[in-house]
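What follows is model14.txt (compact mmCIF, C-alpha atoms).
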# COMPACT_ATOMS: atom_id res chain seq x y z
CA MET A 1 0.00 0.00 0.00
CA LEU A 2 2.76 2.43 0.86
CA THR A 3 4.58 2.39 -2.45
CA LYS A 4 5.72 5.46 -4.33
CA GLY A 5 2.80 7.48 -5.60
CA ALA A 6 0.50 6.22 -2.85
CA LEU A 7 -1.06 8.07 0.03
CA ARG A 8 0.79 7.67 3.29
CA ARG A 9 -2.20 8.64 5.40
CA ARG A 10 -5.91 9.21 5.32
CA LEU A 11 -6.76 12.71 4.22
CA PRO A 12 -8.41 15.23 6.54
CA PRO A 13 -12.08 15.84 5.58
CA GLU A 14 -11.52 19.25 3.96
CA THR A 15 -8.69 18.00 1.77
CA LEU A 16 -10.63 14.85 0.94
CA SER A 17 -13.63 16.91 -0.17
CA ARG A 18 -11.38 18.62 -2.75
CA LEU A 19 -9.69 15.43 -3.95
CA PRO A 20 -12.23 14.66 -6.73
CA ALA A 21 -11.76 18.19 -8.09
CA TYR A 22 -7.96 17.80 -7.97
CA ARG A 23 -8.18 14.60 -9.95
CA LYS A 24 -10.52 16.13 -12.50
CA GLN A 25 -8.21 19.12 -13.15
CA LEU A 26 -5.17 16.83 -13.34
CA SER A 27 -6.99 14.67 -15.93
CA VAL A 28 -7.66 17.79 -17.98
CA LEU A 29 -3.99 18.85 -17.72
CA ALA A 30 -2.81 15.37 -18.70
CA ALA A 31 -5.19 15.32 -21.66
CA GLU A 32 -3.77 18.70 -22.71
CA GLY A 33 -0.29 17.17 -22.69
CA THR A 34 0.95 19.21 -19.72
CA GLU A 35 3.75 17.37 -17.91
CA VAL A 36 4.50 19.78 -15.09
CA VAL A 37 2.11 22.22 -13.42
CA SER A 38 2.95 25.07 -11.04
CA SER A 39 1.17 25.27 -7.72
CA LYS A 40 -0.10 28.70 -8.76
CA GLU A 41 -1.74 27.36 -11.94
CA LEU A 42 -3.25 24.31 -10.24
CA ALA A 43 -4.60 26.50 -7.42
CA ARG A 44 -6.11 28.87 -9.97
CA ARG A 45 -7.89 26.02 -11.74
CA LEU A 46 -9.32 24.82 -8.44
CA SER A 47 -10.29 28.30 -7.24
CA ILE A 48 -8.34 27.84 -4.00
CA SER A 49 -5.36 29.69 -2.55
CA ASP A 50 -1.79 28.68 -3.24
CA ALA A 51 -1.24 28.08 0.47
CA GLN A 52 -4.29 25.82 0.66
CA LEU A 53 -3.05 23.83 -2.31
CA ARG A 54 0.41 23.35 -0.80
CA ARG A 55 -1.16 22.16 2.44
CA ASP A 56 -3.45 19.71 0.60
CA LEU A 57 -0.57 18.31 -1.41
CA SER A 58 1.60 17.94 1.68
CA TYR A 59 -0.89 15.35 2.91
CA MET A 60 -0.72 13.43 -0.34
CA ALA A 61 2.97 12.96 -0.97
CA LEU A 62 6.47 14.36 -0.61
CA LEU A 63 6.60 15.72 -4.09
CA GLY A 64 6.65 19.49 -3.81
CA ARG A 65 9.46 20.71 -6.03
CA ARG A 66 9.64 24.39 -5.18
CA GLY A 67 10.01 26.49 -8.30
CA LEU A 68 9.70 23.50 -10.61
CA GLY A 69 6.08 22.60 -10.04
CA TYR A 70 4.46 19.19 -9.84
CA GLU A 71 4.54 16.24 -12.21
CA VAL A 72 1.01 15.93 -13.55
CA GLU A 73 1.16 12.16 -14.15
CA THR A 74 2.46 11.39 -10.67
CA LEU A 75 -0.13 13.57 -9.01
CA LEU A 76 -2.86 12.13 -11.21
CA GLU A 77 -1.82 8.62 -10.20
CA ILE A 78 -1.82 9.53 -6.52
CA THR A 79 -5.26 11.13 -6.66
CA THR A 80 -6.68 8.31 -8.78
CA ARG A 81 -5.50 5.69 -6.32
CA GLY A 82 -6.42 7.92 -3.40
CA LEU A 83 -10.01 7.97 -4.61
CA GLY A 84 -10.03 4.24 -5.30
CA LEU A 85 -10.54 4.84 -9.02
CA ASP A 86 -7.96 2.29 -10.10
CA LYS A 87 -10.47 -0.53 -9.64
CA THR A 88 -14.16 -1.03 -10.39
CA TRP A 89 -16.48 -0.91 -7.40
CA ALA A 90 -19.63 -3.05 -7.33
CA LEU A 91 -22.65 -1.09 -6.12
CA ALA A 92 -26.11 -2.08 -4.97
CA VAL A 93 -29.06 0.28 -4.83
CA ILE A 94 -31.52 -0.53 -2.06
CA GLY A 95 -34.93 1.00 -2.78
CA GLY A 96 -36.49 1.01 -6.25
CA GLY A 97 -38.46 4.27 -6.02
CA SER A 98 -37.92 7.06 -8.50
CA LEU A 99 -34.58 8.13 -7.01
CA GLY A 100 -33.26 4.55 -6.81
CA THR A 101 -34.39 3.95 -10.38
CA ALA A 102 -32.66 7.12 -11.56
CA LEU A 103 -29.43 6.07 -9.82
CA ALA A 104 -29.59 2.60 -11.39
CA ARG A 105 -29.58 4.37 -14.77
CA TYR A 106 -27.14 7.15 -13.78
CA PRO A 107 -24.52 7.53 -16.54
CA GLY A 108 -22.06 9.41 -14.28
CA PHE A 109 -21.01 6.29 -12.38
CA ALA A 110 -19.15 4.68 -15.29
CA LYS A 111 -16.60 7.52 -15.39
CA SER A 112 -15.74 6.81 -11.77
CA ASN A 113 -15.35 3.07 -12.22
CA MET A 114 -18.55 2.52 -10.30
CA GLU A 115 -20.98 -0.12 -11.52
CA VAL A 116 -24.50 -0.61 -10.20
CA LYS A 117 -24.87 -4.38 -10.34
CA ALA A 118 -28.15 -4.90 -8.52
CA LEU A 119 -31.19 -3.08 -7.20
CA PHE A 120 -33.13 -4.43 -4.22
CA ASP A 121 -36.74 -3.81 -3.28
CA VAL A 122 -39.52 -5.51 -1.34
CA ASP A 123 -42.27 -4.85 -3.91
CA PRO A 124 -43.22 -8.09 -5.73
CA GLY A 125 -44.28 -5.92 -8.68
CA LYS A 126 -40.68 -4.78 -9.14
CA ILE A 127 -38.69 -7.89 -8.22
CA GLY A 128 -37.46 -9.83 -11.25
CA LYS A 129 -37.68 -6.85 -13.62
CA MET A 130 -34.76 -4.96 -15.15
CA ILE A 131 -34.09 -1.23 -14.76
CA GLY A 132 -31.86 -0.43 -17.71
CA GLN A 133 -29.06 -3.00 -17.34
CA VAL A 134 -29.73 -3.60 -13.66
CA PRO A 135 -31.74 -6.58 -12.33
CA VAL A 136 -34.15 -6.02 -9.41
CA TYR A 137 -33.89 -8.57 -6.59
CA ASP A 138 -35.94 -9.30 -3.50
CA LEU A 139 -34.29 -7.55 -0.53
CA ALA A 140 -34.56 -10.86 1.35
CA ARG A 141 -32.00 -12.31 -1.07
CA PHE A 142 -29.41 -9.58 -0.34
CA PRO A 143 -26.78 -11.77 1.41
CA GLU A 144 -26.81 -14.40 -1.32
CA VAL A 145 -26.77 -11.92 -4.24
CA ALA A 146 -24.12 -9.77 -2.51
CA SER A 147 -21.73 -12.68 -2.26
CA GLN A 148 -22.51 -13.86 -5.83
CA LEU A 149 -21.93 -10.41 -7.36
CA GLY A 150 -19.22 -9.26 -4.96
CA LEU A 151 -21.20 -6.19 -3.88
CA GLU A 152 -19.09 -3.65 -1.97
CA ILE A 153 -21.15 -0.47 -1.54
CA ALA A 154 -24.89 0.00 -0.95
CA ILE A 155 -26.76 3.14 -1.93
CA LEU A 156 -29.78 3.66 0.33
CA THR A 157 -32.80 5.24 -1.35
CA VAL A 158 -35.50 3.71 0.85
CA PRO A 159 -38.18 5.57 2.85
CA GLU A 160 -36.87 7.01 6.14
CA ASP A 161 -38.45 4.33 8.32
CA GLN A 162 -36.68 1.62 6.29
CA ALA A 163 -33.22 3.21 6.32
CA GLN A 164 -31.80 1.47 9.40
CA ARG A 165 -33.13 -1.88 8.26
CA ALA A 166 -31.55 -1.45 4.81
CA ALA A 167 -28.24 -0.44 6.44
CA ASP A 168 -28.38 -3.52 8.68
CA VAL A 169 -29.07 -5.85 5.75
CA ALA A 170 -26.11 -4.42 3.81
CA THR A 171 -23.60 -4.41 6.67
CA MET A 172 -24.58 -7.88 7.90
CA ALA A 173 -23.85 -9.13 4.39
CA GLY A 174 -20.33 -7.73 4.77
CA LEU A 175 -20.53 -4.46 2.81
CA LYS A 176 -18.17 -1.81 4.20
CA GLY A 177 -19.52 1.32 2.53
CA LEU A 178 -22.92 3.04 2.43
CA LEU A 179 -24.06 6.09 0.51
CA ASN A 180 -27.14 7.26 2.38
CA PHE A 181 -29.69 9.30 0.41
CA THR A 182 -32.26 9.21 3.21
CA SER A 183 -32.34 12.10 5.63
CA VAL A 184 -32.00 9.87 8.70
CA PHE A 185 -28.84 8.87 10.53
CA VAL A 186 -28.02 5.16 10.31
CA SER A 187 -25.92 3.29 12.89
CA VAL A 188 -23.27 0.95 11.51
CA PRO A 189 -20.38 -1.13 12.89
CA PRO A 190 -17.13 0.85 13.36
CA ASP A 191 -15.44 -0.62 10.28
CA VAL A 192 -18.24 0.53 7.95
CA LYS A 193 -18.03 3.97 6.29
CA VAL A 194 -21.13 6.04 5.58
CA ARG A 195 -21.47 9.18 3.52
CA SER A 196 -24.74 11.03 3.22
CA VAL A 197 -26.34 12.90 0.35
CA ASP A 198 -29.21 14.80 1.91
CA ILE A 199 -30.95 16.73 -0.83
CA THR A 200 -33.37 18.61 1.40
CA SER A 201 -30.56 19.56 3.78
CA GLU A 202 -28.61 21.03 0.85
CA LEU A 203 -31.67 23.01 -0.23
CA GLN A 204 -32.21 24.29 3.31
CA GLN A 205 -28.59 25.46 3.48
CA LEU A 206 -29.05 27.14 0.11
CA THR A 207 -32.10 29.07 1.30
CA HIS A 208 -30.16 30.13 4.41
CA LEU A 209 -27.44 31.58 2.20
CA MET A 210 -30.00 33.29 -0.05
CA ARG A 211 -31.93 34.80 2.83
CA PHE A 212 -29.08 35.95 5.03
CA GLU A 213 -26.84 37.20 2.24
CA ALA A 214 -27.08 40.71 3.64
CA LEU A 215 -26.01 39.80 7.18
CA PRO A 216 -22.34 39.81 8.27
CA LEU A 217 -20.63 36.44 8.36
CA MET B 1 -34.90 40.89 10.08
CA LEU B 2 -33.14 41.31 13.43
CA THR B 3 -36.11 40.61 15.67
CA LYS B 4 -36.06 38.27 18.65
CA GLY B 5 -35.63 34.69 17.60
CA ALA B 6 -33.86 35.61 14.37
CA LEU B 7 -30.29 35.04 13.30
CA ARG B 8 -28.06 38.07 13.75
CA ARG B 9 -25.47 36.85 11.26
CA ARG B 10 -24.82 34.33 8.54
CA LEU B 11 -23.63 31.03 9.95
CA PRO B 12 -20.13 29.68 9.30
CA PRO B 13 -20.18 26.71 6.88
CA GLU B 14 -19.61 24.01 9.52
CA THR B 15 -22.41 25.27 11.75
CA LEU B 16 -24.68 25.74 8.75
CA SER B 17 -24.09 22.16 7.66
CA ARG B 18 -25.46 21.00 11.04
CA LEU B 19 -28.44 23.38 11.08
CA PRO B 20 -30.87 20.99 9.33
CA ALA B 21 -30.01 18.29 11.88
CA TYR B 22 -30.54 20.76 14.75
CA ARG B 23 -33.93 21.65 13.43
CA LYS B 24 -34.90 18.02 12.99
CA GLN B 25 -33.98 17.09 16.58
CA LEU B 26 -35.75 20.18 17.91
CA SER B 27 -38.89 19.17 15.99
CA VAL B 28 -38.72 15.74 17.58
CA LEU B 29 -38.29 17.28 21.05
CA ALA B 30 -41.20 19.68 20.46
CA ALA B 31 -43.39 16.81 19.27
CA GLU B 32 -42.47 14.91 22.45
CA GLY B 33 -43.70 17.88 24.47
CA THR B 34 -40.23 18.82 25.80
CA GLU B 35 -40.10 22.53 26.68
CA VAL B 36 -36.49 22.89 27.78
CA VAL B 37 -33.49 20.84 26.68
CA SER B 38 -30.02 20.74 28.22
CA SER B 39 -27.02 21.32 25.98
CA LYS B 40 -25.79 17.86 27.00
CA GLU B 41 -28.97 16.15 25.80
CA LEU B 42 -29.16 18.11 22.55
CA ALA B 43 -25.48 17.39 21.84
CA ARG B 44 -26.04 13.70 22.51
CA ARG B 45 -28.93 13.58 20.05
CA LEU B 46 -26.78 15.25 17.39
CA SER B 47 -23.70 13.09 18.10
CA ILE B 48 -21.52 16.18 18.60
CA SER B 49 -19.59 17.45 21.63
CA ASP B 50 -21.11 19.76 24.19
CA ALA B 51 -18.47 22.40 23.37
CA GLN B 52 -19.29 22.21 19.66
CA LEU B 53 -22.97 22.64 20.40
CA ARG B 54 -22.39 25.70 22.60
CA ARG B 55 -20.26 27.24 19.87
CA ASP B 56 -22.91 26.56 17.20
CA LEU B 57 -25.65 28.04 19.35
CA SER B 58 -23.57 31.12 20.14
CA TYR B 59 -23.80 31.99 16.44
CA MET B 60 -27.55 31.64 16.43
CA ALA B 61 -28.71 33.72 19.36
CA LEU B 62 -28.03 35.03 22.83
CA LEU B 63 -30.07 32.40 24.54
CA GLY B 64 -27.69 30.19 26.45
CA ARG B 65 -29.09 29.82 29.93
CA ARG B 66 -26.35 28.02 31.78
CA GLY B 67 -27.74 25.31 34.00
CA LEU B 68 -31.29 25.81 32.80
CA GLY B 69 -30.96 24.61 29.22
CA TYR B 70 -32.54 25.98 26.08
CA GLU B 71 -36.18 26.68 25.24
CA VAL B 72 -37.09 24.17 22.56
CA GLU B 73 -39.74 26.35 20.89
CA THR B 74 -37.46 29.39 20.63
CA LEU B 75 -34.60 27.38 19.21
CA LEU B 76 -36.94 25.60 16.81
CA GLU B 77 -38.23 28.96 15.59
CA ILE B 78 -34.70 30.29 15.09
CA THR B 79 -33.56 27.23 13.16
CA THR B 80 -36.75 27.12 11.10
CA ARG B 81 -36.35 30.75 10.07
CA GLY B 82 -32.61 30.32 9.71
CA LEU B 83 -33.20 27.61 7.13
CA GLY B 84 -35.88 29.61 5.37
CA LEU B 85 -38.52 27.02 6.22
CA ASP B 86 -41.14 29.56 7.30
CA LYS B 87 -42.10 30.16 3.67
CA THR B 88 -42.62 27.99 0.60
CA TRP B 89 -39.87 28.14 -2.03
CA ALA B 90 -40.72 27.75 -5.71
CA LEU B 91 -38.30 25.41 -7.46
CA ALA B 92 -37.58 24.66 -11.09
CA VAL B 93 -35.81 21.54 -12.32
CA ILE B 94 -33.75 22.10 -15.47
CA GLY B 95 -33.13 18.81 -17.25
CA GLY B 96 -35.77 16.12 -17.64
CA GLY B 97 -33.52 13.03 -17.61
CA SER B 98 -34.01 10.27 -15.07
CA LEU B 99 -32.53 12.29 -12.18
CA GLY B 100 -34.55 15.41 -13.02
CA THR B 101 -37.67 13.31 -13.32
CA ALA B 102 -37.00 11.65 -9.96
CA LEU B 103 -36.51 15.07 -8.32
CA ALA B 104 -39.75 16.38 -9.84
CA ARG B 105 -41.50 13.50 -8.05
CA TYR B 106 -39.36 13.63 -4.89
CA PRO B 107 -41.67 13.46 -1.84
CA GLY B 108 -39.00 14.82 0.55
CA PHE B 109 -39.34 18.41 -0.68
CA ALA B 110 -42.82 18.96 0.73
CA LYS B 111 -41.56 18.56 4.32
CA SER B 112 -39.09 21.39 3.71
CA ASN B 113 -41.65 23.76 2.23
CA MET B 114 -40.06 23.29 -1.18
CA GLU B 115 -42.32 22.95 -4.19
CA VAL B 116 -41.16 21.93 -7.66
CA LYS B 117 -43.40 24.06 -9.88
CA ALA B 118 -41.87 23.46 -13.30
CA LEU B 119 -39.44 21.25 -15.18
CA PHE B 120 -37.57 22.55 -18.23
CA ASP B 121 -36.08 20.60 -21.11
CA VAL B 122 -35.19 21.11 -24.76
CA ASP B 123 -36.63 17.79 -25.97
CA PRO B 124 -39.87 18.36 -27.96
CA GLY B 125 -40.92 14.83 -26.94
CA LYS B 126 -41.01 15.93 -23.28
CA ILE B 127 -42.24 19.53 -23.53
CA GLY B 128 -45.94 19.90 -22.74
CA LYS B 129 -46.14 16.63 -20.75
CA MET B 130 -46.62 16.29 -17.00
CA ILE B 131 -44.25 14.51 -14.63
CA GLY B 132 -46.41 13.74 -11.63
CA GLN B 133 -47.88 17.16 -10.76
CA VAL B 134 -45.15 19.07 -12.59
CA PRO B 135 -45.56 20.52 -16.11
CA VAL B 136 -42.62 20.31 -18.54
CA TYR B 137 -41.79 23.54 -20.37
CA ASP B 138 -39.48 24.44 -23.22
CA LEU B 139 -36.23 25.81 -21.75
CA ALA B 140 -36.55 28.75 -24.17
CA ARG B 141 -39.62 29.87 -22.19
CA PHE B 142 -37.74 29.97 -18.86
CA PRO B 143 -37.83 33.78 -18.30
CA GLU B 144 -41.55 34.03 -18.99
CA VAL B 145 -42.51 30.96 -16.92
CA ALA B 146 -40.14 31.98 -14.10
CA SER B 147 -41.87 35.31 -13.72
CA GLN B 148 -45.35 33.79 -14.03
CA LEU B 149 -44.71 31.12 -11.39
CA GLY B 150 -42.37 33.18 -9.20
CA LEU B 151 -39.53 30.64 -9.50
CA GLU B 152 -36.76 31.21 -6.96
CA ILE B 153 -34.36 28.24 -7.11
CA ALA B 154 -33.24 26.12 -10.06
CA ILE B 155 -32.06 22.53 -9.70
CA LEU B 156 -29.59 21.66 -12.48
CA THR B 157 -29.75 18.05 -13.70
CA VAL B 158 -28.56 18.63 -17.26
CA PRO B 159 -25.57 16.97 -19.01
CA GLU B 160 -22.21 18.50 -18.04
CA ASP B 161 -21.80 20.43 -21.27
CA GLN B 162 -25.17 22.12 -20.72
CA ALA B 163 -24.60 23.09 -17.08
CA GLN B 164 -23.23 26.60 -17.61
CA ARG B 165 -25.94 27.40 -20.14
CA ALA B 166 -28.66 26.24 -17.74
CA ALA B 167 -27.11 28.32 -14.94
CA ASP B 168 -27.01 31.37 -17.23
CA VAL B 169 -30.67 30.94 -18.22
CA ALA B 170 -31.73 30.71 -14.58
CA THR B 171 -29.66 33.62 -13.27
CA MET B 172 -30.54 35.89 -16.20
CA ALA B 173 -34.19 35.30 -15.33
CA GLY B 174 -33.45 36.60 -11.83
CA LEU B 175 -33.16 33.39 -9.81
CA LYS B 176 -30.78 33.76 -6.86
CA GLY B 177 -30.19 30.12 -5.90
CA LEU B 178 -28.95 27.06 -7.77
CA LEU B 179 -28.66 23.45 -6.61
CA ASN B 180 -26.14 21.93 -9.01
CA PHE B 181 -26.32 18.15 -9.51
CA THR B 182 -23.82 18.18 -12.38
CA SER B 183 -20.18 17.56 -11.58
CA VAL B 184 -19.00 20.76 -13.24
CA PHE B 185 -18.39 24.16 -11.66
CA VAL B 186 -20.78 26.86 -12.85
CA SER B 187 -19.96 30.60 -12.78
CA VAL B 188 -22.69 32.88 -11.47
CA PRO B 189 -23.05 36.56 -10.56
CA PRO B 190 -21.87 37.39 -7.01
CA ASP B 191 -25.40 37.72 -5.60
CA VAL B 192 -26.35 34.18 -6.67
CA LYS B 193 -25.77 31.24 -4.30
CA VAL B 194 -24.85 27.80 -5.57
CA ARG B 195 -24.70 24.52 -3.70
CA SER B 196 -23.56 21.33 -5.33
CA VAL B 197 -24.66 17.73 -4.90
CA ASP B 198 -22.01 15.71 -6.66
CA ILE B 199 -22.95 12.06 -6.35
CA THR B 200 -19.79 10.63 -7.92
CA SER B 201 -17.61 12.87 -5.76
CA GLU B 202 -19.36 11.52 -2.66
CA LEU B 203 -18.80 7.95 -3.85
CA GLN B 204 -15.12 8.66 -4.53
CA GLN B 205 -14.70 10.08 -1.03
CA LEU B 206 -16.44 6.99 0.34
CA THR B 207 -14.05 4.63 -1.44
CA HIS B 208 -11.10 6.68 -0.12
CA LEU B 209 -12.36 6.17 3.41
CA MET B 210 -12.96 2.45 2.81
CA ARG B 211 -9.54 1.86 1.28
CA PHE B 212 -7.40 3.93 3.62
CA GLU B 213 -9.21 2.99 6.82
CA ALA B 214 -6.03 1.34 8.09
CA LEU B 215 -3.77 4.37 7.56
CA PRO B 216 -3.26 7.02 10.26
CA LEU B 217 -5.27 10.19 9.86
Written as structure tokens, that's how I'd like the structure from this file.
Amino acid sequence: MLTKGALRRRLPPETLSRLPAYRKQLSVLAAEGTEVVSSKELARRLSISDAQLRRDLSYMALLGRRGLGYEVETLLEITTRGLGLDKTWALAVIGGGSLGTALARYPGFAKSNMEVKALFDVDPGKIGKMIGQVPVYDLARFPEVASQLGLEIAILTVPEDQAQRAADVATMAGLKGLLNFTSVFVSVPPDVKVRSVDITSELQQLTHLMRFEALPL
Amino acid sequence: MLTKGALRRRLPPETLSRLPAYRKQLSVLAAEGTEVVSSKELARRLSISDAQLRRDLSYMALLGRRGLGYEVETLLEITTRGLGLDKTWALAVIGGGSLGTALARYPGFAKSNMEVKALFDVDPGKIGKMIGQVPVYDLARFPEVASQLGLEIAILTVPEDQAQRAADVATMAGLKGLLNFTSVFVSVPPDVKVRSVDITSELQQLTHLMRFEALPL
């Protein structure tokens, strides 16, 4: 794990939140044929300060070459591996409502080496059907299907009162990552990672910013 | 704006990100008939430290009553107004793909006083149809429909190469808030607020956490 070009530590949350943007800009630079980028130019493309960029990069590797800039390929490799994009991840969607259905068809996953391999629901009217390329299974069959398909991450798009149950089913089947689209907190064992996408919370924060624009920060 | 029970300032990002969770727990407490809550109990329900909670609340109002706790109703009112939930917000979805369609039908908005009033697309096969309760309009008619329906916030679910155009259409029609589901950065005038929901970025951060679990932070 600790070879050249690999992360030597987990990234702090703020740096981690910028890592996908770093990788994207580095991909663009590589595609443009740029071999070396200055910290100033990379910071400009990310709309962050030079100091912030240097701090972020210091967490990633010992590759600051003051005055010379950074090797684009090396940094791209580090960020790609740092984000786990050097392998394909097998995803399950739990909950076949309109959001779960949209995610099963979501074209953006392919670019990130993410593949939705199965959707689970409890509705007999949905089980056995296909949503795009994705088969719909009975949630009761989760452990069996998870081991067959090598499922690694579950996306929760169930109603709020089903969220903990869905999390339990996924973690008891050995999955170590959950992306929670419900607006409730789910408890998981300590070795399981959860990230939340709470659409209404984002909208509420947006309306705060719109309304209190005129107040001092 | 600066009446009792109102925010006196914009909240820092970290505190703001917790505000929806504060409001949710306060709603639960109010529904349980609790009139006063200790900082310890509220912090426990939010899974944050007591010190963090006191700091968050210090931004919201001068209502710390050491030893006595906080009035649930007052704090609920402050957070409700702070999140803009004391009025209904008129939303537009731009982009009638599977994600846009799912959001037009999304039941979670109603609880936050958010109402999707229109969906916009450029596909003649979609324009003029209904998605659930939501009519689909030609994107070219955005300014006219926005003023008719009083649209305030646009949710962008268009392909990446259409994101800036969609943002331009919305802001030129006077909308001051965008929720951006595309994974590209959009430029807006300084008085317009943007929040992003980047699903693949969240997944990439999740796989980082899963893979580097064993490394020191």
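Near B:Pro135, within 8 Å and counting only C-alpha atoms, sit Lys117, Ala118, Leu119, Gly128, Lys129 and Met130 of chain B; same-chain residues fewer than 5 positions away were not included.
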Convert the current residue selection to file output with C-alpha atoms, as a PDB file, in the frame of the given file.
ATOM      1  CA  LYS B 117     -43.400  24.060  -9.880  1.00  0.00           C
ATOM      2  CA  ALA B 118     -41.870  23.460 -13.300  1.00  0.00           C
ATOM      3  CA  LEU B 119     -39.440  21.250 -15.180  1.00  0.00           C
ATOM      4  CA  GLY B 128     -45.940  19.900 -22.740  1.00  0.00           C
ATOM      5  CA  LYS B 129     -46.140  16.630 -20.750  1.00  0.00           C
ATOM      6  CA  MET B 130     -46.620  16.290 -17.000  1.00  0.00           C
TER       7      MET B 130
END
Output as JSON lines one row per residue of chain A within 6 Å of chain B: the closest atom pair and its distance in Å to one decimal place, counting only C-alpha atoms, sorted by chain and residue number ascending.
{"residue": "A:Arg9", "atom": "CA", "partner": "B:Leu215", "partner_atom": "CA", "distance": 5.0}
{"residue": "A:Arg10", "atom": "CA", "partner": "B:Leu217", "partner_atom": "CA", "distance": 4.7}
{"residue": "A:Pro20", "atom": "CA", "partner": "B:Ser201", "partner_atom": "CA", "distance": 5.8}
{"residue": "A:Gly82", "atom": "CA", "partner": "B:His208", "partner_atom": "CA", "distance": 5.8}
{"residue": "A:Leu83", "atom": "CA", "partner": "B:His208", "partner_atom": "CA", "distance": 4.8}
{"residue": "A:Gly84", "atom": "CA", "partner": "B:Thr207", "partner_atom": "CA", "distance": 5.6}
{"residue": "A:Ser98", "atom": "CA", "partner": "B:Ala102", "partner_atom": "CA", "distance": 4.9}
{"residue": "A:Leu99", "atom": "CA", "partner": "B:Ala102", "partner_atom": "CA", "distance": 5.2}
{"residue": "A:Ala102", "atom": "CA", "partner": "B:Ser98", "partner_atom": "CA", "distance": 4.9}
{"residue": "A:Ser201", "atom": "CA", "partner": "B:Pro20", "partner_atom": "CA", "distance": 5.7}
{"residue": "A:Gln204", "atom": "CA", "partner": "B:Leu83", "partner_atom": "CA", "distance": 5.2}
{"residue": "A:Thr207", "atom": "CA", "partner": "B:Gly84", "partner_atom": "CA", "distance": 5.6}
{"residue": "A:His208", "atom": "CA", "partner": "B:Leu83", "partner_atom": "CA", "distance": 4.8}
{"residue": "A:Phe212", "atom": "CA", "partner": "B:Arg10", "partner_atom": "CA", "distance": 5.8}
{"residue": "A:Leu215", "atom": "CA", "partner": "B:Arg9", "partner_atom": "CA", "distance": 5.1}
{"residue": "A:Pro216", "atom": "CA", "partner": "B:Arg9", "partner_atom": "CA", "distance": 5.2}
{"residue": "A:Leu217", "atom": "CA", "partner": "B:Arg10", "partner_atom": "CA", "distance": 4.7}
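Atom CA of A:Asp168 lies 14.7 Å from atom CA of A:Leu151.
Taking atom CA of B:Gly174 and atom CA of B:Ile131 as endpoints, the distance between them is 24.7 Å.
Residues with any atom within 12 Å of B:Leu29, counting all atoms listed in the file and excluding same-chain neighbours fewer than 2 positions away, are Tyr22, Arg23, Lys24, Gln25, Leu26, Ser27, Ala31, Glu32, Gly33, Thr34, Glu35, Val36, Val37, Ser38, Glu41, Leu42, Arg45, Tyr70, Glu71, Val72, Glu73, Leu75 and Leu76 of chain B.
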For B:Leu149, find every residue with an atom within 10 Å (counting all atoms listed in the file), except residues of its own chain fewer than 4 positions away, and show them as a compact mmCIF listing (two decimals) with C-alpha atoms, in the coordinates of the input.
# COMPACT_ATOMS: atom_id res chain seq x y z
CA ALA B 90 -40.72 27.75 -5.71
CA LEU B 91 -38.30 25.41 -7.46
CA ALA B 92 -37.58 24.66 -11.09
CA LYS B 117 -43.40 24.06 -9.88
CA ALA B 118 -41.87 23.46 -13.30
CA GLU B 144 -41.55 34.03 -18.99
CA VAL B 145 -42.51 30.96 -16.92
State, in Å with one decimal place, the distance from atom CA of B:Thr15 to atom CA of B:Ala51. 12.6 Å
